[in-house]
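Undergrad: What follows is entry-v6.cif, made up of mmCIF, C-alpha atoms:
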data_query
#
loop_
_atom_site.label_atom_id
_atom_site.label_comp_id
_atom_site.auth_asym_id
_atom_site.auth_seq_id
_atom_site.Cartn_x
_atom_site.Cartn_y
_atom_site.Cartn_z
CA MET A 1 89.80 118.72 90.14
CA ILE A 2 90.54 121.18 87.32
CA LEU A 3 94.06 121.49 85.95
CA ILE A 4 94.95 125.00 84.78
CA VAL A 5 97.82 124.91 82.30
CA GLU A 6 99.04 128.48 81.98
CA ASP A 7 102.50 130.03 82.18
CA ASP A 8 101.27 133.53 82.94
CA ASP A 9 101.12 134.00 86.73
CA ALA A 10 98.33 136.53 86.76
CA ILE A 11 96.01 134.61 84.43
CA ALA A 12 96.64 131.32 86.26
CA THR A 13 95.93 132.94 89.64
CA GLY A 14 92.85 134.75 88.30
CA LEU A 15 91.42 131.52 86.89
CA ALA A 16 92.25 129.54 90.04
CA LEU A 17 90.64 132.08 92.37
CA ASN A 18 87.46 132.38 90.29
CA LEU A 19 87.12 128.59 90.06
CA LYS A 20 87.76 128.29 93.79
CA LEU A 21 84.97 130.83 94.48
CA ALA A 22 82.71 128.70 92.26
CA GLY A 23 83.47 125.68 94.46
CA HIS A 24 86.08 123.83 92.38
CA ARG A 25 89.46 122.44 93.35
CA THR A 26 92.30 123.46 91.05
CA ALA A 27 95.92 122.70 90.30
CA ILE A 28 98.26 124.80 88.16
CA ALA A 29 100.90 123.63 85.66
CA ARG A 30 103.34 126.26 84.35
CA ASP A 31 104.80 124.46 81.36
CA GLY A 32 104.05 121.65 78.90
CA ASP A 33 106.09 118.96 80.66
CA ASP A 34 104.56 119.75 84.04
CA ALA A 35 101.08 119.69 82.46
CA ILE A 36 101.60 116.22 80.95
CA ALA A 37 103.03 114.87 84.21
CA GLN A 38 100.08 116.21 86.26
CA ALA A 39 97.48 115.16 83.67
CA LEU A 40 98.72 111.59 83.63
CA ALA A 41 99.27 111.31 87.39
CA THR A 42 96.02 112.86 88.65
CA GLU A 43 92.34 112.04 88.17
CA LEU A 44 91.10 115.22 86.53
CA ASP A 45 87.62 116.47 85.62
CA LEU A 46 88.80 119.15 83.21
CA ILE A 47 91.92 120.72 81.76
CA LEU A 48 92.06 124.42 80.86
CA LEU A 49 94.92 124.53 78.41
CA ASP A 50 96.91 127.47 77.06
CA ILE A 51 98.72 127.04 73.73
CA ASN A 52 101.85 129.19 74.15
CA LEU A 53 103.76 127.34 76.82
CA PRO A 54 107.42 126.80 77.70
CA LYS A 55 109.00 123.38 76.96
CA ARG A 56 106.03 121.89 75.08
CA ASN A 57 103.14 123.85 73.64
CA GLY A 58 99.50 123.21 74.44
CA LEU A 59 98.81 121.24 71.27
CA GLU A 60 101.71 118.89 72.09
CA VAL A 61 100.33 118.50 75.62
CA LEU A 62 96.91 117.65 74.20
CA ALA A 63 98.43 115.11 71.80
CA ALA A 64 100.43 113.47 74.64
CA VAL A 65 97.35 113.26 76.90
CA ARG A 66 95.23 111.70 74.17
CA ALA A 67 98.05 109.35 73.17
CA ALA A 68 97.87 107.95 76.71
CA ASP A 69 94.15 107.20 76.11
CA ASN A 70 93.20 109.87 78.61
CA LEU A 71 89.85 111.31 77.52
CA VAL A 72 89.60 114.07 80.13
CA PRO A 73 87.66 117.07 78.70
CA VAL A 74 90.00 119.83 77.56
CA ILE A 75 89.14 123.47 76.91
CA VAL A 76 91.81 125.33 75.00
CA LEU A 77 92.23 128.89 76.28
CA SER A 78 94.40 131.09 74.19
CA ALA A 79 94.76 134.64 72.94
CA ARG A 80 95.73 133.08 69.62
CA ASP A 81 92.53 133.19 67.65
CA GLY A 82 93.85 132.48 64.15
CA GLU A 83 92.02 129.95 62.00
CA PHE A 84 95.02 127.62 62.07
CA ASP A 85 95.10 127.49 65.90
CA LYS A 86 91.35 126.89 66.14
CA VAL A 87 91.43 124.05 63.64
CA ALA A 88 94.59 122.52 65.15
CA ALA A 89 93.02 122.54 68.65
CA MET B 1 104.39 123.38 57.33
CA ARG B 2 101.82 126.10 57.90
CA PHE B 3 100.14 127.67 54.87
CA PRO B 4 97.49 130.22 55.77
CA PRO B 5 94.49 129.99 53.41
CA ALA B 6 95.27 133.45 51.98
CA ASN B 7 98.59 132.12 50.71
CA ILE B 8 96.94 129.16 49.01
CA GLN B 9 94.42 131.49 47.35
CA LEU B 10 97.24 133.72 46.16
CA ARG B 11 99.12 130.78 44.65
CA ARG B 12 95.99 129.56 42.86
CA ALA B 13 95.32 133.04 41.48
CA GLN B 14 98.94 133.24 40.28
CA LEU B 15 98.64 129.85 38.57
CA VAL B 16 95.40 130.82 36.80
CA LEU B 17 96.98 134.13 35.73
CA MET B 18 100.01 132.30 34.38
CA LEU B 19 97.93 129.81 32.39
CA ALA B 20 95.51 132.47 31.08
CA ILE B 21 98.25 134.81 29.87
CA LEU B 22 101.38 132.81 29.23
CA VAL B 23 99.98 129.83 27.31
CA PRO B 24 98.17 131.88 24.57
CA THR B 25 101.11 134.31 24.48
CA ILE B 26 103.63 131.51 23.87
CA LEU B 27 101.40 130.02 21.15
CA MET B 28 101.07 133.40 19.49
CA THR B 29 104.85 133.92 19.70
CA GLY B 30 105.19 130.69 17.72
CA VAL B 31 102.74 132.01 15.13
CA GLY B 32 104.69 135.29 14.90
CA VAL B 33 108.00 133.47 14.40
CA ILE B 34 106.48 131.24 11.70
CA LEU B 35 105.06 134.30 9.89
CA LEU B 36 108.48 136.01 9.99
CA VAL B 37 110.44 132.96 8.86
CA LEU B 38 108.08 131.53 6.27
CA GLY B 39 106.24 134.69 5.17
CA SER B 40 107.14 136.15 1.78
CA GLY B 41 105.05 139.26 1.34
CA ILE B 42 105.60 142.53 3.22
CA THR B 43 102.11 142.26 4.76
CA THR B 44 102.92 138.88 6.28
CA LEU B 45 106.24 140.15 7.70
CA ILE B 46 104.53 143.18 9.27
CA SER B 47 101.83 140.91 10.72
CA GLY B 48 104.56 138.66 12.19
CA LEU B 49 106.33 141.66 13.77
CA LEU B 50 103.03 142.98 15.21
CA VAL B 51 102.20 139.58 16.69
CA LEU B 52 105.67 139.35 18.31
CA THR B 53 105.39 142.92 19.68
CA PHE B 54 102.02 142.09 21.17
CA CYS B 55 103.45 138.93 22.76
CA THR B 56 106.38 140.87 24.28
CA SER B 57 103.92 143.37 25.81
CA GLY B 58 101.88 140.47 27.20
CA ILE B 59 104.90 138.86 28.86
CA THR B 60 106.13 142.21 30.26
CA GLY B 61 102.66 142.89 31.68
CA TYR B 62 102.58 139.45 33.25
CA ILE B 63 105.95 139.99 34.96
CA LEU B 64 104.90 143.41 36.29
CA VAL B 65 101.61 142.06 37.65
CA GLN B 66 103.51 139.22 39.37
CA ILE B 67 105.89 141.70 41.02
CA PHE B 68 103.08 143.98 42.29
CA VAL B 69 100.85 141.14 43.45
CA THR B 70 103.68 139.41 45.32
CA ARG B 71 104.83 142.64 46.93
CA GLY B 72 101.28 143.59 47.95
CA ALA B 73 100.66 140.15 49.43
CA GLY B 74 103.95 140.34 51.36
CA LEU B 75 103.03 143.71 52.87
CA ALA B 76 99.54 142.47 53.78
CA ARG B 77 101.07 139.41 55.48
CA VAL B 78 103.53 141.52 57.51
CA GLN B 79 100.68 143.81 58.60
CA ASN B 80 98.50 140.83 59.51
CA ASP B 81 101.29 139.15 61.52
CA PHE B 82 101.93 142.41 63.36
CA THR B 83 98.26 142.95 64.22
CA SER B 84 97.96 139.38 65.40
CA ALA B 85 101.09 139.67 67.57
CA VAL B 86 100.06 143.00 69.09
CA SER B 87 96.56 141.79 69.88
CA HIS B 88 98.02 138.67 71.55
CA GLU B 89 100.41 140.68 73.72
CA LEU B 90 97.73 143.21 74.68
CA ARG B 91 95.05 140.63 75.35
CA THR B 92 97.11 138.71 77.89
CA PRO B 93 97.28 141.50 80.53
CA ILE B 94 93.70 142.59 79.72
CA THR B 95 92.48 139.02 80.29
CA SER B 96 94.35 138.71 83.57
CA ILE B 97 93.05 142.08 84.81
CA THR B 98 89.48 141.04 83.92
CA LEU B 99 89.87 137.71 85.73
CA LEU B 100 91.43 139.30 88.80
CA LEU B 101 88.74 142.01 89.01
CA GLU B 102 86.07 139.31 88.70
CA SER B 103 87.54 137.48 91.69
CA LEU B 104 87.27 140.67 93.81
CA ARG B 105 83.50 140.86 93.28
CA ASP B 106 81.24 140.33 96.31
CA ASP B 107 84.27 140.54 98.61
CA ARG B 108 84.45 136.77 99.07
CA LEU B 109 88.23 136.36 98.96
CA SER B 110 90.36 135.71 102.02
CA ALA B 111 92.63 138.55 103.16
CA SER B 112 95.76 136.83 101.80
CA ASP B 113 94.14 136.05 98.41
CA ARG B 114 92.88 139.61 98.19
CA ALA B 115 96.37 140.98 98.87
CA GLU B 116 97.80 138.73 96.16
CA VAL B 117 95.14 139.85 93.68
CA LEU B 118 95.86 143.52 94.37
CA THR B 119 99.61 142.96 93.88
CA LEU B 120 98.98 141.14 90.59
CA LEU B 121 96.54 143.83 89.43
CA ALA B 122 99.13 146.54 90.02
CA ARG B 123 101.77 144.50 88.15
CA GLU B 124 99.52 143.72 85.20
CA THR B 125 98.37 147.31 84.86
CA LYS B 126 102.02 148.41 84.81
CA ARG B 127 102.77 145.71 82.24
CA LEU B 128 99.98 146.94 80.00
CA GLU B 129 101.16 150.52 80.35
CA THR B 130 104.78 149.60 79.55
CA LEU B 131 103.77 147.53 76.54
CA THR B 132 101.51 150.26 75.16
CA ASP B 133 104.28 152.85 75.61
CA LYS B 134 106.77 150.60 73.81
CA VAL B 135 104.47 149.91 70.87
CA LEU B 136 103.64 153.61 70.48
CA GLU B 137 107.30 154.62 70.80
CA LEU B 138 108.40 152.04 68.24
CA SER B 139 105.66 153.12 65.87
CA ARG B 140 106.73 156.77 66.32
CA LEU B 141 110.36 155.94 65.52
CA GLU B 142 109.44 153.78 62.54
CA THR B 143 107.31 156.46 60.98
CA ARG B 144 109.75 159.30 61.74
CA PRO B 145 110.85 160.73 58.37
CA ARG B 146 114.51 160.18 57.63
CA HIS B 147 115.38 163.87 57.51
CA VAL B 148 113.97 164.42 61.01
CA TRP B 149 116.51 162.09 62.66
CA PRO B 150 119.11 164.30 64.37
CA GLN B 151 122.49 164.25 62.62
CA GLY B 152 124.68 165.24 65.56
CA ILE B 153 128.31 164.37 66.20
CA VAL B 154 128.40 161.63 68.80
CA ASP B 155 131.47 160.89 70.90
CA VAL B 156 131.52 157.08 70.84
CA ARG B 157 133.25 156.72 74.23
CA ASP B 158 130.58 158.92 75.79
CA LEU B 159 127.86 156.92 73.98
CA VAL B 160 129.25 153.63 75.30
CA ASP B 161 129.63 155.01 78.86
CA GLU B 162 126.03 156.22 78.86
CA ALA B 163 124.77 152.88 77.51
CA VAL B 164 126.75 151.00 80.17
CA GLY B 165 125.29 153.35 82.81
CA MET B 166 121.79 152.53 81.52
CA PHE B 167 122.68 148.84 81.58
CA ASP B 168 124.00 149.07 85.17
CA ALA B 169 120.78 150.73 86.31
CA ALA B 170 118.67 148.02 84.66
CA THR B 171 120.66 145.10 86.08
CA LEU B 172 120.93 146.06 89.75
CA SER B 173 119.51 142.65 90.68
CA ASN B 174 122.64 140.97 89.31
CA PRO B 175 125.37 143.55 88.64
CA THR B 176 127.70 142.41 85.87
CA PRO B 177 130.96 144.10 84.86
CA ILE B 178 131.32 144.94 81.18
CA ALA B 179 134.70 144.79 79.41
CA ILE B 180 134.98 148.09 77.52
CA ASP B 181 137.46 148.66 74.70
CA VAL B 182 136.82 151.86 72.75
CA GLU B 183 139.27 153.51 70.38
CA ARG B 184 140.23 157.08 71.39
CA ASP B 185 138.68 160.16 69.78
CA LEU B 186 136.16 158.12 67.85
CA LYS B 187 133.17 160.10 66.61
CA ALA B 188 130.08 159.02 64.73
CA VAL B 189 127.15 160.81 63.11
CA GLY B 190 123.72 160.24 64.53
CA ASP B 191 121.17 160.82 67.24
CA ARG B 192 122.94 160.34 70.56
CA ASP B 193 119.84 159.61 72.66
CA THR B 194 118.40 156.85 70.50
CA LEU B 195 121.83 155.31 69.91
CA ILE B 196 122.40 155.07 73.68
CA ARG B 197 119.13 153.15 73.90
CA ALA B 198 120.10 150.83 71.06
CA VAL B 199 123.50 149.97 72.54
CA GLY B 200 122.01 149.71 76.04
CA ASN B 201 119.38 147.34 74.69
CA LEU B 202 122.01 145.07 73.12
CA LEU B 203 123.94 145.00 76.42
CA HIS B 204 120.76 144.20 78.32
CA ASN B 205 119.96 141.37 75.90
CA ALA B 206 123.49 139.99 76.36
CA TRP B 207 122.86 139.95 80.11
CA LYS B 208 119.34 138.53 79.89
CA TYR B 209 120.16 135.68 77.57
CA SER B 210 123.30 134.31 79.22
CA GLY B 211 123.99 131.92 82.07
CA PRO B 212 125.32 132.67 85.55
CA ASP B 213 128.95 133.18 84.39
CA LYS B 214 128.23 136.21 82.24
CA GLN B 215 131.04 137.62 80.13
CA ILE B 216 129.89 140.69 78.26
CA GLY B 217 132.11 143.01 76.30
CA ILE B 218 131.69 146.13 74.19
CA GLU B 219 134.23 147.29 71.67
CA ALA B 220 134.29 150.23 69.25
CA HIS B 221 136.77 151.11 66.57
CA ALA B 222 137.10 152.86 63.24
CA MET B 223 136.68 150.74 60.15
CA GLY B 224 137.25 152.81 57.03
CA ARG B 225 134.47 155.35 56.76
CA ARG B 226 132.47 153.64 59.48
CA VAL B 227 132.50 153.26 63.23
CA GLU B 228 131.93 149.69 64.38
CA ILE B 229 130.40 149.01 67.78
CA LEU B 230 130.49 145.35 68.79
CA VAL B 231 128.58 143.84 71.70
CA ARG B 232 129.74 140.34 72.59
CA ASP B 233 128.44 137.80 75.07
CA ASN B 234 128.92 134.18 76.06
CA GLY B 235 125.18 133.49 76.27
CA PHE B 236 122.82 130.89 74.89
CA GLY B 237 123.18 132.03 71.29
CA ILE B 238 120.40 132.40 68.73
CA GLU B 239 119.27 129.19 67.08
CA ARG B 240 119.78 129.07 63.32
CA ASP B 241 116.05 128.62 62.64
CA ASP B 242 115.25 131.69 64.72
CA GLN B 243 117.92 133.91 63.20
CA PRO B 244 115.97 135.22 60.16
CA SER B 245 113.14 136.57 62.32
CA ILE B 246 114.91 138.00 65.37
CA TYR B 247 114.28 141.61 64.37
CA GLU B 248 110.55 141.06 63.85
CA GLN B 249 108.24 142.64 66.40
CA PHE B 250 106.85 140.30 69.06
CA ILE B 251 108.88 137.38 67.76
CA ARG B 252 111.08 135.50 70.24
CA GLY B 253 113.09 132.38 69.59
CA ARG B 254 111.42 129.16 70.64
CA ALA B 255 114.42 128.14 72.75
CA ILE B 256 114.30 131.50 74.54
CA ASN B 257 110.57 131.14 75.17
CA ASP B 258 111.29 127.80 76.80
CA THR B 259 113.72 129.39 79.28
CA GLY B 260 110.84 131.43 80.75
CA ILE B 261 112.96 134.62 80.60
CA PRO B 262 110.42 137.45 80.45
CA GLY B 263 110.17 139.58 77.32
CA VAL B 264 107.77 140.35 74.50
CA GLY B 265 110.12 140.47 71.52
CA LEU B 266 110.37 144.20 70.89
CA GLY B 267 114.00 144.94 71.93
CA LEU B 268 115.76 144.04 68.68
CA ALA B 269 112.99 145.64 66.61
CA PHE B 270 113.81 148.87 68.49
CA VAL B 271 117.54 148.44 67.90
CA ARG B 272 117.06 147.86 64.17
CA THR B 273 114.71 150.83 63.79
CA ILE B 274 117.16 153.11 65.61
CA VAL B 275 120.20 151.93 63.65
CA ARG B 276 118.32 152.30 60.35
CA GLY B 277 117.08 155.76 61.36
CA ASN B 278 120.68 156.74 62.01
CA ARG B 279 121.59 155.45 58.55
CA GLY B 280 123.69 152.70 60.04
CA LYS B 281 123.81 148.96 59.61
CA LEU B 282 123.11 146.18 62.09
CA ASP B 283 124.10 142.52 61.90
CA PHE B 284 125.15 139.67 64.13
CA GLU B 285 126.93 136.34 64.37
CA SER B 286 125.73 133.74 66.79
CA GLU B 287 126.37 130.21 67.92
CA PRO B 288 125.84 128.57 71.32
CA GLY B 289 128.13 130.33 73.83
CA ARG B 290 129.07 133.22 71.56
CA THR B 291 127.01 136.02 70.07
CA THR B 292 128.26 139.31 68.63
CA PHE B 293 126.02 142.14 67.49
CA ARG B 294 127.61 144.80 65.31
CA ILE B 295 126.35 148.33 64.73
CA ARG B 296 128.04 150.30 61.97
CA LEU B 297 127.59 154.07 61.92
CA ARG B 298 128.90 156.85 59.74
CA ARG B 299 132.22 158.07 61.08
CA VAL B 300 133.28 161.67 61.59
CA ARG B 301 136.87 162.28 60.56
CA GLU B 302 138.42 165.29 62.24
CA PRO B 303 141.29 166.66 60.14
CA THR B 304 144.32 167.88 62.10
CA GLY B 305 145.88 171.32 61.57
CA GLN B 306 144.54 174.85 61.54
CA ALA B 307 141.37 174.16 59.61
CA LYS B 308 139.46 172.16 62.15
CA GLN B 309 136.55 171.61 59.85
CA ILE B 310 134.69 168.48 60.53
CA ALA B 311 134.40 166.09 57.62
CA VAL B 312 131.58 163.63 57.66
CA ALA B 313 132.40 160.35 56.02
CA SER B 314 129.47 159.29 53.94
#
Please express what this file holds, its structure, as structure tokens.
TA:
Amino acid sequence: MILIVEDDDAIATGLALNLKLAGHRTAIARDGDDAIAQALATELDLILLDINLPKRNGLEVLAAVRAADNLVPVIVLSARDGEFDKVAA
Amino acid sequence: MRFPPANIQLRRAQLVLMLAILVPTILMTGVGVILLVLGSGITTLISGLLVLTFCTSGITGYILVQIFVTRGAGLARVQNDFTSAVSHELRTPITSITLLLESLRDDRLSASDRAEVLTLLARETKRLETLTDKVLELSRLETRPRHVWPQGIVDVRDLVDEAVGMFDAATLSNPTPIAIDVERDLKAVGDRDTLIRAVGNLLHNAWKYSGPDKQIGIEAHAMGRRVEILVRDNGFGIERDDQPSIYEQFIRGRAINDTGIPGVGLGLAFVRTIVRGNRGKLDFESEPGRTTFRIRLRRVREPTGQAKQIAVAS
């Protein structure tokens, strides 16, 4: 199961459909709180994580997931490509 | 606290500059003062004066360099922030369009998924078009020379009515009455069309960023040589931390981002550009549950009597 954390409808749907065509199961979280709740409640294989999110941003989500000793692989997907964001992720 | 590397480099360069110029200059100033105070011969006094003159030039040069370097770095930072914000806002719809087109390949989607993809593609394309139009329009207004802005006489009641009409058309999904209180025979100097957009934009913001019990009012009156137009609402308010940057392009308050209310952060940049272009002033007061934006424009005073010459208050 892959968790897509993305608040933009079109990007979330596009990712979900492409992953579905590639044979994966997906779930979508629209904000930081929802992402943390789903990440901690579900056995996940991967998280695709946006940074700009309502409620809590992606980096806060990542910190909360790791703080719970959850070592699920995370790929940060973001249009923010500044040096600061890359290093922070 | 976030310090981009460029800022750190600038501070280091400024420190090195300060040490390389100021320390020897201060030492030499001391030498010059000693020569003037303790020197007896005319040659020594002239040498002391020359040393002090040289030191003054050094300090003046240092101050000028500091001013130009700081200003240049500030402009570069603004430009960099803008480019970064524009590229982020443009990339989002481009990424979604790419992803959605990819999913249509090989015709493997179910009929319902395909219909959803086509709907999203149409929406994203429209979003990209709207965003591009807005950025180009804002850039056009910002670079419009001051003397090209129309200097017409604008009837403020008519301006407010048109802005409210624009607001009504944009809020058909949740029509909201606006309390209007405009002083009679009030006239301002400016470009009617852009001012309607600015006032309409403030009204739309008041509607967007307030709860279900929306109370929005617009008021206009004369204030000395100015016309004041006030747009009030009982909305969420602008958080103190967000207040300094609300007019910046593509910047939205964090609290507003959290609400999920759509927007890209261009509305107030438009309003500010338009008000500035019309040689007016724009400010606001905000706290939770109460926000007032104020536009001040130049007022036209119409003298009574035979000579109906229009005087423009400057």
Undergrad: One decimal, Å: what's the distance from atom CA of A:Arg25 over to atom CA of A:Asp50, could you say?
TA: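 So the two atoms, atom CA of A:Arg25 and atom CA of A:Asp50, lie 18.6 Å apart.
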Undergrad: Enumerate, in order of chain and increasing residue number, the residues of chain A with an atom no farther than 7 Å from chain B, each with its shortest atom pair and distance in Å to one decimal, counting all atoms listed in the file, as CSV.
TA:
residue,atom,partner,partner_atom,distance
A:Ala10,CA,B:Ser96,CA,5.5
A:Ile11,CA,B:Ser96,CA,4.5
A:Gly14,CA,B:Leu100,CA,4.8
A:Leu15,CA,B:Leu99,CA,6.5
A:Leu17,CA,B:Ser103,CA,6.3
A:Asn18,CA,B:Ser103,CA,5.3
A:Pro54,CA,B:Asp258,CA,4.1
A:Lys55,CA,B:Asp258,CA,5.0
A:Ala79,CA,B:His88,CA,5.4
A:Arg80,CA,B:His88,CA,6.3
Undergrad: Just write the chosen residues, C-alpha atoms, as an mmCIF file, in the coordinates of the input.
TA:
data_model
loop_
_atom_site.group_PDB
_atom_site.id
_atom_site.type_symbol
_atom_site.label_atom_id
_atom_site.label_comp_id
_atom_site.auth_asym_id
_atom_site.auth_seq_id
_atom_site.Cartn_x
_atom_site.Cartn_y
_atom_site.Cartn_z
ATOM 1 C CA ALA A 10 98.330 136.530 86.760
ATOM 2 C CA ILE A 11 96.010 134.610 84.430
ATOM 3 C CA GLY A 14 92.850 134.750 88.300
ATOM 4 C CA LEU A 15 91.420 131.520 86.890
ATOM 5 C CA LEU A 17 90.640 132.080 92.370
ATOM 6 C CA ASN A 18 87.460 132.380 90.290
ATOM 7 C CA PRO A 54 107.420 126.800 77.700
ATOM 8 C CA LYS A 55 109.000 123.380 76.960
ATOM 9 C CA ALA A 79 94.760 134.640 72.940
ATOM 10 C CA ARG A 80 95.730 133.080 69.620
#
Undergrad: As an exercise, work out the distance from atom CA of B:Asn201 to atom CA of B:Ala76 in Å and give it to one decimal place.
TA: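 If I compute the distance from atom CA of B:Asn201 to atom CA of B:Ala76, I get 29.2 Å.
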Undergrad: Quick one, how far is atom CA of B:Glu239 from atom CA of A:Leu59?
TA: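 If I compute the distance from atom CA of B:Glu239 to atom CA of A:Leu59, I get 22.3 Å.
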Undergrad: Please list as an MDAnalysis selection string every residue within 6 Å of stretch 27-36 of chain A, counting only C-alpha atoms and excluding residues in the same chain fewer than 2 positions away.
TA: chainID A and resid 3:7 38:39 53:57 61
Undergrad: Tell me which residues the PyMOL selection byres ((chain B and resi 244-249) around 9) grabs here, as a ChimeraX atom specification.
TA: /B:82,85-86,238,240-243,250-253,264-272
Undergrad: Any chance you could resolve the PyMOL selection byres ((chain A and resi 65) around 12) against this file and give the residues as a count of residues only?
TA: 29
Undergrad: Rebuild stretch 16-23 of chain B so that it carries all heavy atoms, then output the result as an mmCIF file, in the frame of the given file.
TA:
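And here is the file that came out, result_37.cif:
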data_model
loop_
_atom_site.group_PDB
_atom_site.id
_atom_site.type_symbol
_atom_site.label_atom_id
_atom_site.label_comp_id
_atom_site.auth_asym_id
_atom_site.auth_seq_id
_atom_site.Cartn_x
_atom_site.Cartn_y
_atom_site.Cartn_z
ATOM 1 N N VAL B 16 96.430 130.542 37.815
ATOM 2 C CA VAL B 16 95.400 130.820 36.800
ATOM 3 C C VAL B 16 95.881 131.946 35.876
ATOM 4 O O VAL B 16 95.770 131.866 34.652
ATOM 5 C CB VAL B 16 94.061 131.205 37.490
ATOM 6 C CG1 VAL B 16 93.066 131.763 36.473
ATOM 7 C CG2 VAL B 16 93.487 129.993 38.206
ATOM 8 N N LEU B 17 96.471 132.985 36.506
ATOM 9 C CA LEU B 17 96.980 134.130 35.730
ATOM 10 C C LEU B 17 98.045 133.658 34.740
ATOM 11 O O LEU B 17 98.052 134.055 33.569
ATOM 12 C CB LEU B 17 97.575 135.147 36.705
ATOM 13 C CG LEU B 17 98.010 136.489 36.125
ATOM 14 C CD1 LEU B 17 96.807 137.299 35.694
ATOM 15 C CD2 LEU B 17 98.824 137.267 37.145
ATOM 16 N N MET B 18 98.922 132.782 35.228
ATOM 17 C CA MET B 18 100.010 132.300 34.380
ATOM 18 C C MET B 18 99.451 131.529 33.189
ATOM 19 O O MET B 18 99.837 131.771 32.046
ATOM 20 C CB MET B 18 100.947 131.412 35.193
ATOM 21 C CG MET B 18 102.202 131.019 34.447
ATOM 22 S SD MET B 18 103.226 129.954 35.423
ATOM 23 C CE MET B 18 102.394 128.397 35.233
ATOM 24 N N LEU B 19 98.485 130.625 33.469
ATOM 25 C CA LEU B 19 97.930 129.810 32.390
ATOM 26 C C LEU B 19 97.141 130.671 31.405
ATOM 27 O O LEU B 19 97.237 130.507 30.193
ATOM 28 C CB LEU B 19 97.030 128.711 32.969
ATOM 29 C CG LEU B 19 97.768 127.623 33.753
ATOM 30 C CD1 LEU B 19 96.782 126.684 34.414
ATOM 31 C CD2 LEU B 19 98.709 126.840 32.847
ATOM 32 N N ALA B 20 96.375 131.652 31.935
ATOM 33 C CA ALA B 20 95.510 132.470 31.080
ATOM 34 C C ALA B 20 96.314 133.408 30.197
ATOM 35 O O ALA B 20 95.874 133.753 29.108
ATOM 36 C CB ALA B 20 94.537 133.273 31.951
ATOM 37 N N ILE B 21 97.472 133.843 30.663
ATOM 38 C CA ILE B 21 98.250 134.810 29.870
ATOM 39 C C ILE B 21 99.394 134.149 29.123
ATOM 40 O O ILE B 21 99.584 134.364 27.931
ATOM 41 C CB ILE B 21 98.792 135.928 30.793
ATOM 42 C CG1 ILE B 21 97.627 136.747 31.347
ATOM 43 C CG2 ILE B 21 99.752 136.842 30.016
ATOM 44 C CD1 ILE B 21 98.036 137.839 32.289
ATOM 45 N N LEU B 22 100.147 133.314 29.843
ATOM 46 C CA LEU B 22 101.380 132.810 29.230
ATOM 47 C C LEU B 22 101.131 131.795 28.118
ATOM 48 O O LEU B 22 101.784 131.857 27.071
ATOM 49 C CB LEU B 22 102.293 132.201 30.298
ATOM 50 C CG LEU B 22 103.049 133.209 31.164
ATOM 51 C CD1 LEU B 22 104.104 132.514 32.004
ATOM 52 C CD2 LEU B 22 103.720 134.292 30.314
ATOM 53 N N VAL B 23 100.176 130.885 28.317
ATOM 54 C CA VAL B 23 99.980 129.830 27.310
ATOM 55 C C VAL B 23 99.574 130.423 25.950
ATOM 56 O O VAL B 23 100.235 130.167 24.930
ATOM 57 C CB VAL B 23 98.967 128.764 27.810
ATOM 58 C CG1 VAL B 23 98.619 127.794 26.704
ATOM 59 C CG2 VAL B 23 99.546 128.026 29.016
#
